[in-house]
Amino acid sequence: MSDTLPDTLPDPLDELDGDEPAIQLLPLDAWHRARGGRMVPFAGYEMPVQYEGIMAEHLWTRESAGLFDVSHMGQVGLTGDGIDAAAVAAALEKVLPGDVAGLAPTRIRYSLLLNDEGGILDDLMVTTLPEEGEHPFGAASHYVVVNGATKYDDLAYLLDVLPDDVTLNLMEDQALLAVQGPEAVAAVARLVPGVEALVFMTAGAFAWNGHALWISRSGYTGEDGVEISIPAEAAAAFADAICAEPEVKPIGLGARDSLRLEAGLPLYGHDLDPETTPVMADLGFALSKRRREAADFAGAARILAERTDGPAVKRVGLSVAGRQPVREGASVVDADGAVIGRVTSGGFAPSVGAPIAMAYVPAALAEAGTPLRLVQRGKIHEAVVAPLPFVPHRYVRAGGK
């Protein structure tokens, strides 16, 4: 399946292994097919990999706005049974290293679900919700979005480690749509007035045609944009309406992967896994100061030791010489040909006009400008460590860009 994609473009797709549940359909499955979306199995769902082509969709998103269907992601509401929101936040902090307790209502935080050894089980977004009645998720005090491929494992883990008085609700009747790009918010604001007042990593309750929406100014492309939680039965009508705006086109998985790679954003299951710590992954910003000082989160001893002493390996960006992309699984080798690292994501970067990659290499070789050699299918590729991101982020923050 993956080898049907052009070799000069990023390929984010892996074959599903035999342990995956039966393939599910997105709420917008028929909508995608009617618009020419090429559907492939990904994260347990049939999902559109492209419409008119990965390169064109990537560049359109960078210049205008794209609609991404990310309804495979897990949207989870957390509710305290006889306990308040502060107690739910305290429970979450046992497995997340971020400051959830200090997160004000409507504020979003990127965080990491950690095992007892400090390895990353998933990366996620957590939002503190306002008072009940001021959002569409019932009595929930917190809203968490997890990766689609790991959502059932995440739920099982959270059910095991969180106290019994915290209820988890996987909201499978909600679709999740992302509109990303420099024109995204202006286009959405014509349908949902007021959304333009949000800034990066904030969210709020809105309405469209009588349907309750929860909209966050966030995304995973490096561009400005929003993510919209909407009742599944209203998703197709909203997708029609937003794609009727001249700036917006539907965009598939292929461009989503190349966009996040250029933005230097790790993908779980590729750049992040249970053997990787936040320090190795260069995600130290997800470790809040209060939590570091308290050292009371899962895997704290190992993670804090790595912050002090440095990790053995570190995630880096790579600029690859020539035109041939180097894919996930390629080896990083030293001058004698010994394997010293691995490529975890790679492809041709349309906005850069050259191949790029991310890899884990010994920390001593993680400095920008360090030359490295990559081996893929017996062929050597020259590369150099490059600062991340490859393309600057264009988030709209409080007080301006």
# chains A, B, ... in the order shown; residues from 1 in each chain; ligands from 1
$ residues_around --residues "Thr128 in chain A" --least-positions-apart "3" --cutoff "8 Å" --atoms "only C-alpha atoms" --output "ChimeraX atom specification"
/A:100,103-108,141-143
$ closest_atom_pairs --of "range 97-185 of chain A" --to "range 225-241 of chain A" --cutoff "7 Å" --atoms "only C-alpha atoms" --output "tab-separated table"
residue	atom	partner	partner_atom	distance
A:Asp173	CA	A:Ala232	CA	5.5
A:Gln174	CA	A:Pro231	CA	4.5
A:Ala175	CA	A:Ala232	CA	4.8
A:Leu176	CA	A:Ser229	CA	4.6
A:Leu177	CA	A:Ile228	CA	5.1
A:Ala178	CA	A:Glu227	CA	4.2
A:Val179	CA	A:Val226	CA	5.4
A:Gln180	CA	A:Gly225	CA	4.2
A:Gly181	CA	A:Gly225	CA	5.8
A:Ala184	CA	A:Gly225	CA	5.3
A:Val185	CA	A:Gly225	CA	5.7
$ write_last_selection --atoms "C-alpha atoms" --output "PDB file, in the first residue's frame"
ATOM      1  CA  ASP A 173     -20.243  10.716  18.725  1.00  0.00           C
ATOM      2  CA  GLN A 174     -17.978  13.747  18.164  1.00  0.00           C
ATOM      3  CA  ALA A 175     -16.042  14.405  14.956  1.00  0.00           C
ATOM      4  CA  LEU A 176     -12.835  16.422  15.017  1.00  0.00           C
ATOM      5  CA  LEU A 177     -11.942  18.707  12.113  1.00  0.00           C
ATOM      6  CA  ALA A 178      -8.813  20.835  11.764  1.00  0.00           C
ATOM      7  CA  VAL A 179      -8.650  23.915   9.545  1.00  0.00           C
ATOM      8  CA  GLN A 180      -5.011  24.925   9.150  1.00  0.00           C
ATOM      9  CA  GLY A 181      -3.114  27.610   7.282  1.00  0.00           C
ATOM     10  CA  ALA A 184      -7.829  29.333   8.206  1.00  0.00           C
ATOM     11  CA  VAL A 185      -9.154  31.478  11.028  1.00  0.00           C
TER      12      VAL A 185
END
$ select_by_dssp --residues "range 177-299 of chain A" --states "helix (DSSP H, G or I)" --output "PyMOL selection string"
chain A and resi 184-191+195-197+232-243+253-262+284-286+289-294
$ residues_around --residues "Leu374 in chain A" --least-positions-apart "6" --cutoff "8 Å" --atoms "only C-alpha atoms" --output "list in words"
Val326, Ala330, Ser331, Val332, Val333, Ile380, His381, Glu382 and Ala383 of chain A
$ write_last_selection --atoms "C-alpha atoms" --output "PDB file, in the first residue's frame"
ATOM      1  CA  VAL A 326      15.610   9.074   3.497  1.00  0.00           C
ATOM      2  CA  ALA A 330      17.342   4.234   7.873  1.00  0.00           C
ATOM      3  CA  SER A 331      20.482   3.957   9.991  1.00  0.00           C
ATOM      4  CA  VAL A 332      22.771   6.731  11.159  1.00  0.00           C
ATOM      5  CA  VAL A 333      26.362   5.472  10.952  1.00  0.00           C
ATOM      6  CA  ILE A 380      24.902   6.168   1.815  1.00  0.00           C
ATOM      7  CA  HIS A 381      23.335   9.616   2.091  1.00  0.00           C
ATOM      8  CA  GLU A 382      25.177  12.623   3.467  1.00  0.00           C
ATOM      9  CA  ALA A 383      23.300  14.743   5.999  1.00  0.00           C
TER      10      ALA A 383
END
$ residues_around --residues "Met358 in chain A" --least-positions-apart "2" --cutoff "10 Å" --atoms "only C-alpha atoms" --output "list in words"
Leu261, Glu262, Gly264, Leu265, Pro266, His270, Asp271, Arg315, Val316, Gly317, Leu318, Ser319, Val326, Arg327, Glu328, Arg342, Val343, Thr344, Ser345, Gly346, Gly347, Ile356, Tyr360, Val361, Val385, Ala386 and Leu388 of chain A
$ select_by_dssp --residues "range 9-215 of chain A" --states "strand (DSSP E or B)" --output "PyMOL selection string"
chain A and resi 24-25+38-42+45-50+65-69+74-80+107-114+120-128+142-146+166-170+174-180+202-208+211-215
$ closest_residue --among "A:Gly80, A:Gly102, A:Ala30, A:Leu113" --to "Asp273 in chain A" --atoms "only C-alpha atoms"
A:Leu113
$ residues_around --residues "range 299-314 of chain A" --least-positions-apart "5" --cutoff "6 Å" --atoms "only C-alpha atoms" --output "PDB file with all heavy atoms, in the first residue's frame"
ATOM      1  N   ASP A 116       5.947   4.267  34.157  1.00  0.00           N
ATOM      2  CA  ASP A 116       6.711   4.393  35.404  1.00  0.00           C
ATOM      3  C   ASP A 116       8.203   4.599  35.171  1.00  0.00           C
ATOM      4  O   ASP A 116       8.910   5.090  36.055  1.00  0.00           O
ATOM      5  CB  ASP A 116       6.505   3.150  36.277  1.00  0.00           C
ATOM      6  CG  ASP A 116       5.114   3.091  36.889  1.00  0.00           C
ATOM      7  OD1 ASP A 116       4.458   4.154  36.956  1.00  0.00           O
ATOM      8  OD2 ASP A 116       4.684   1.990  37.278  1.00  0.00           O
ATOM      9  N   GLU A 117       8.685   4.249  33.976  1.00  0.00           N
ATOM     10  CA  GLU A 117      10.101   4.424  33.667  1.00  0.00           C
ATOM     11  C   GLU A 117      10.375   5.745  32.955  1.00  0.00           C
ATOM     12  O   GLU A 117      11.506   6.009  32.537  1.00  0.00           O
ATOM     13  CB  GLU A 117      10.591   3.266  32.785  1.00  0.00           C
ATOM     14  CG  GLU A 117      10.638   1.914  33.488  1.00  0.00           C
ATOM     15  CD  GLU A 117       9.247   1.331  33.705  1.00  0.00           C
ATOM     16  OE1 GLU A 117       8.418   1.413  32.768  1.00  0.00           O
ATOM     17  OE2 GLU A 117       8.987   0.840  34.806  1.00  0.00           O
ATOM     18  N   GLY A 118       9.345   6.566  32.794  1.00  0.00           N
ATOM     19  CA  GLY A 118       9.519   7.841  32.121  1.00  0.00           C
ATOM     20  C   GLY A 118       9.406   7.762  30.614  1.00  0.00           C
ATOM     21  O   GLY A 118       9.617   8.761  29.921  1.00  0.00           O
ATOM     22  N   MET A 280      15.041  12.882  25.874  1.00  0.00           N
ATOM     23  CA  MET A 280      15.569  12.328  24.634  1.00  0.00           C
ATOM     24  C   MET A 280      14.860  12.925  23.420  1.00  0.00           C
ATOM     25  O   MET A 280      15.477  13.193  22.393  1.00  0.00           O
ATOM     26  CB  MET A 280      15.418  10.806  24.632  1.00  0.00           C
ATOM     27  CG  MET A 280      16.268  10.082  25.649  1.00  0.00           C
ATOM     28  SD  MET A 280      15.705   8.360  25.938  1.00  0.00           S
ATOM     29  CE  MET A 280      15.815   7.681  24.292  1.00  0.00           C
ATOM     30  N   ALA A 281      13.555  13.122  23.560  1.00  0.00           N
ATOM     31  CA  ALA A 281      12.739  13.613  22.445  1.00  0.00           C
ATOM     32  C   ALA A 281      12.811  15.116  22.272  1.00  0.00           C
ATOM     33  O   ALA A 281      12.157  15.670  21.391  1.00  0.00           O
ATOM     34  CB  ALA A 281      11.285  13.196  22.652  1.00  0.00           C
ATOM     35  N   TYR A 360      17.270   9.970  15.939  1.00  0.00           N
ATOM     36  CA  TYR A 360      17.893   9.926  17.265  1.00  0.00           C
ATOM     37  C   TYR A 360      19.369   9.600  17.080  1.00  0.00           C
ATOM     38  O   TYR A 360      19.719   8.606  16.422  1.00  0.00           O
ATOM     39  CB  TYR A 360      17.207   8.889  18.152  1.00  0.00           C
ATOM     40  CG  TYR A 360      15.906   9.406  18.716  1.00  0.00           C
ATOM     41  CD1 TYR A 360      14.734   9.295  17.996  1.00  0.00           C
ATOM     42  CD2 TYR A 360      15.870  10.052  19.947  1.00  0.00           C
ATOM     43  CE1 TYR A 360      13.532   9.790  18.491  1.00  0.00           C
ATOM     44  CE2 TYR A 360      14.678  10.554  20.459  1.00  0.00           C
ATOM     45  CZ  TYR A 360      13.515  10.422  19.727  1.00  0.00           C
ATOM     46  OH  TYR A 360      12.338  10.937  20.216  1.00  0.00           O
ATOM     47  N   VAL A 361      20.207  10.467  17.642  1.00  0.00           N
ATOM     48  CA  VAL A 361      21.655  10.300  17.510  1.00  0.00           C
ATOM     49  C   VAL A 361      22.288  10.495  18.881  1.00  0.00           C
ATOM     50  O   VAL A 361      21.669  11.062  19.795  1.00  0.00           O
ATOM     51  CB  VAL A 361      22.244  11.325  16.508  1.00  0.00           C
ATOM     52  CG1 VAL A 361      21.584  11.186  15.139  1.00  0.00           C
ATOM     53  CG2 VAL A 361      22.122  12.748  17.024  1.00  0.00           C
ATOM     54  N   PRO A 362      23.524  10.040  19.082  1.00  0.00           N
ATOM     55  CA  PRO A 362      24.203  10.303  20.353  1.00  0.00           C
ATOM     56  C   PRO A 362      24.214  11.797  20.662  1.00  0.00           C
ATOM     57  O   PRO A 362      24.399  12.631  19.766  1.00  0.00           O
ATOM     58  CB  PRO A 362      25.618   9.776  20.103  1.00  0.00           C
ATOM     59  CG  PRO A 362      25.441   8.710  19.072  1.00  0.00           C
ATOM     60  CD  PRO A 362      24.346   9.212  18.176  1.00  0.00           C
ATOM     61  N   ALA A 363      24.007  12.136  21.919  1.00  0.00           N
ATOM     62  CA  ALA A 363      23.887  13.540  22.306  1.00  0.00           C
ATOM     63  C   ALA A 363      25.101  14.360  21.887  1.00  0.00           C
ATOM     64  O   ALA A 363      24.974  15.544  21.572  1.00  0.00           O
ATOM     65  CB  ALA A 363      23.665  13.634  23.820  1.00  0.00           C
TER      66      ALA A 363
END
$ atom_distance --atom1 "CA of Glu57 in chain A" --atom2 "CA of Ile251 in chain A"
5.8 Å
$ closest_residue --among "A:Asn115, A:Asn147, A:Thr221, A:Asn209" --to "Leu67 in chain A" --atoms "only C-alpha atoms"
A:Thr221
$ residues_around --residues "Glu247 in chain A" --least-positions-apart "6" --cutoff "8 Å" --atoms "only C-alpha atoms" --output "PyMOL selection string"
chain A and resi 64-66+183-184+187
$ closest_residue --among "A:Ala294, A:Met39, A:Ala286, A:Ile83" --to "Ile120 in chain A" --atoms "only C-alpha atoms"
A:Ala286
$ closest_residue --among "A:Asp123, A:Asp224, A:Asp69, A:Asp160" --to "Gly98 in chain A" --atoms "only C-alpha atoms"
A:Asp123
$ atom_distance --atom1 "CA of Pro193 in chain A" --atom2 "CA of Phe206 in chain A"
8.6 Å
$ closest_residue --among "A:Leu124, A:Ala86, A:Ala212, A:Leu168" --to "Pro136 in chain A" --atoms "only C-alpha atoms"
A:Ala212
